[in-house]
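I have placed the structure first, in the form of structure tokens, so that the comments after it can refer back to it.
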Amino acid sequence: MNILIAPDSFKDCLSAREVAESLRKGLIIAGVEGNFEIAPMADGGEGTVKSVIDATGGEMVRIRVMDPLMREIESFYGITGDGSTAVIEMAAASGLELLKPGERNPWVTTTHGTGQLIRNALERGCKKILLGIGGSATNDCGAGMAGALGVKFTDRQGNAGRLAGGYLGDIDRIWMDGLHADIEDTEILVACDVSNPLTGPRGASHTYGPQKGADDEMVRKLDRNLAQFADLIREQLGVEIDKVPGAGAAGGLGAGLMAFLNARLMNGFEMISEAIGLDEKIKRADLVITGEGKMDEQTRFGKTPFGVAQLAKKQGKPVIGVAGTVEDNARTLYESGFQVIMPILEKPSDLSYAIENAATLLEKTGERIGRFLKIQI
């Protein structure tokens, strides 16, 4: 029997590879014989870099970059096993979690560090970049990122513009001639699972500004600045970004990546599954096991296990889902490709117990699955 184990991580607990390895151990304990293929999964958010390098035998690269407030920090990105593709999480350089609550201020934060990660990947010869843009601390429409890659911005007096959300309205000219030469020959794919436009009531500033530290007045000013910046990009670069679904992701970084780097926005799960060849792995499998920390009716909306189940369903392969918690409304998932969904908990427990013992609980769950597989009826 060929068994593919393709889970997401269990948040705040185990990486996707650790989840898969625990399930594999349990299957072996149960005496299941066959080939076990592990494919750690992600959806473009936290854990994406580790999942892809684990799945492809790649490497982690650690470099010094600037954080959202232009302080030097150690950051990271991944390179796939064949050395051709970089996998970057913008949150590792420009994320909200890098700031203390009192430091959050989208008027001054910048995506400069994300641009530094991209530049380093280009200089290592990567010709494809997979970029997850969740968890940003910024509202600069990717201007800081573009500046780190050689794009210049000047105000009406010809002075260098300050590349942060509060100062985009001062920019008068965009100079693309200094853009890193390798960008032209590099494919850039962006994991973006939101449909927000750049500006307006559903735009970057109004939707995400408050959680980044903006009050109502700042939100209005940031939105106005983004609108002016979008007009400038349309007039000088000939690119319409304002109303594109996903343009408002990560404080407008989605829009900036399209405008400055000709990037393509796509569904996060699709991007990762393509990168690791998930479809081919499913084709080789007789059974697919997937999972995440919690499975409920929301799992159907872009979550990794749902994506795995949908691909497996197309190929007529059975799917077992495992989770730390399985809500009653998860029953709707049986219509989406799952044959079995099971929780890993064996007795009433609190969250801390589940987190501390997740590896053991998953191993035992793998053993139970294995013993079911061995039943001859």
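To be explicit about the labels: the chains of the structure tokens are called A, B, and onward in the order shown, and within each one the residues are counted from 1, while ligands get numbers from 1 in the order they are shown.
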*Taking the backbone alone, and naming residues the way the document does, which bits of region 16-176 of chain A are strand (DSSP E) by DSSP, as a PyMOL selection string?*
chain A and resi 35-38+59-66+72-79+85-89+128-132+152-155+171-175
Export C-alpha atoms of the chosen residues as an mmCIF file, in the first residue's frame?
data_model
loop_
_atom_site.group_PDB
_atom_site.id
_atom_site.type_symbol
_atom_site.label_atom_id
_atom_site.label_comp_id
_atom_site.auth_asym_id
_atom_site.auth_seq_id
_atom_site.Cartn_x
_atom_site.Cartn_y
_atom_site.Cartn_z
ATOM 1 C CA ASN A 35 5.510 2.891 1.156
ATOM 2 C CA PHE A 36 4.979 6.069 3.164
ATOM 3 C CA GLU A 37 5.474 9.375 1.346
ATOM 4 C CA ILE A 38 5.539 12.553 3.402
ATOM 5 C CA GLU A 59 17.788 24.611 2.645
ATOM 6 C CA MET A 60 17.079 27.505 4.979
ATOM 7 C CA VAL A 61 18.962 30.740 4.297
ATOM 8 C CA ARG A 62 19.512 33.175 7.172
ATOM 9 C CA ILE A 63 20.442 36.795 6.484
ATOM 10 C CA ARG A 64 20.334 40.196 8.180
ATOM 11 C CA VAL A 65 17.587 42.543 6.951
ATOM 12 C CA MET A 66 15.667 45.574 8.172
ATOM 13 C CA GLU A 72 18.504 45.263 11.603
ATOM 14 C CA ILE A 73 17.311 41.764 12.493
ATOM 15 C CA GLU A 74 18.098 38.193 11.492
ATOM 16 C CA SER A 75 15.571 36.846 9.012
ATOM 17 C CA PHE A 76 15.264 33.818 6.734
ATOM 18 C CA TYR A 77 13.879 32.334 3.563
ATOM 19 C CA GLY A 78 14.121 28.942 1.874
ATOM 20 C CA ILE A 79 15.546 27.563 -1.353
ATOM 21 C CA THR A 85 13.154 28.505 -6.352
ATOM 22 C CA ALA A 86 13.136 30.785 -3.319
ATOM 23 C CA VAL A 87 10.311 30.570 -0.798
ATOM 24 C CA ILE A 88 9.756 33.730 1.236
ATOM 25 C CA GLU A 89 7.378 34.717 4.023
ATOM 26 C CA LYS A 128 11.397 31.666 -9.354
ATOM 27 C CA ILE A 129 10.136 33.187 -6.119
ATOM 28 C CA LEU A 130 7.165 31.993 -4.091
ATOM 29 C CA LEU A 131 6.086 34.724 -1.700
ATOM 30 C CA GLY A 132 3.593 34.477 1.148
ATOM 31 C CA LYS A 152 13.653 55.141 -6.862
ATOM 32 C CA PHE A 153 10.883 57.455 -5.708
ATOM 33 C CA THR A 154 11.170 61.242 -5.559
ATOM 34 C CA ASP A 155 8.931 64.073 -4.356
ATOM 35 C CA ILE A 171 5.809 60.907 -4.058
ATOM 36 C CA ASP A 172 5.745 62.553 -7.481
ATOM 37 C CA ARG A 173 7.981 60.376 -9.688
ATOM 38 C CA ILE A 174 8.776 56.670 -9.954
ATOM 39 C CA TRP A 175 12.113 55.713 -11.507
#
*Pick out the residues sitting within 9 Å of Leu257 (chain A), and hand them over as a ChimeraX atom specification; count only C-alpha atoms, and ignore anything fewer than 3 positions along from it in its own chain.*
/A:141-142,145-146,188,190,247,252-254,260-265
*asked:* Using DSSP secondary structure from the backbone, list all alpha helix (DSSP H) positions within region 213-327 of chain A, as a ChimeraX atom specification.
replied: /A:216-237,249-261,268-276,278-284,304-314
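With only C-alpha atoms as the atoms that count, the minimum distance from Leu14 (chain A) to the choices A:Ala39, A:Met70, A:Val108, A:Ala358 is reached by A:Ala358.
Of the residues listed (A:Arg119, A:Lys294, A:Lys212, A:Arg234), A:Lys294 shows the shortest atom-to-atom separation from Pro343 (chain A); distances use only C-alpha atoms.
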_What's around region 275-292 of chain A at 7 Å? Count only C-alpha atoms, leave out sequence neighbours fewer than 4 positions away in its own chain, and write the answer as number ranges by chain._
A: 1-10, 52, 55-56, 271, 305, 311-312, 315, 317-323
*Which of these residues is nearest to Asn357 (chain A), using only C-alpha atoms: A:Gly324, A:Gly370, A:Gly113, A:Pro201?*
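Of A:Gly324, A:Gly370, A:Gly113, A:Pro201, the one nearest Asn357 (chain A), counting only C-alpha atoms, is A:Gly324.
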*Could you tell me which of A:Asn196, A:Gln236, A:Thr80, A:Gln211 comes closest to Asn105 (chain A) if we count only C-alpha atoms?*
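Closest to Asn105 (chain A), using only C-alpha atoms: A:Gln211.
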*Rank nothing, just name the residue among A:Gly213, A:Cys126, A:Glu270, A:Glu18 nearest to Leu99 (chain A), using only C-alpha atoms.*
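Residue with the minimum atom-to-atom distance to Leu99 (chain A): A:Gly213.
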*Compare A:Met266, A:Leu117, A:Ile53, A:Ile369 by their minimum atom-to-atom distance to Cys192 (chain A), counting only C-alpha atoms, and give me the closest one.*
A:Met266
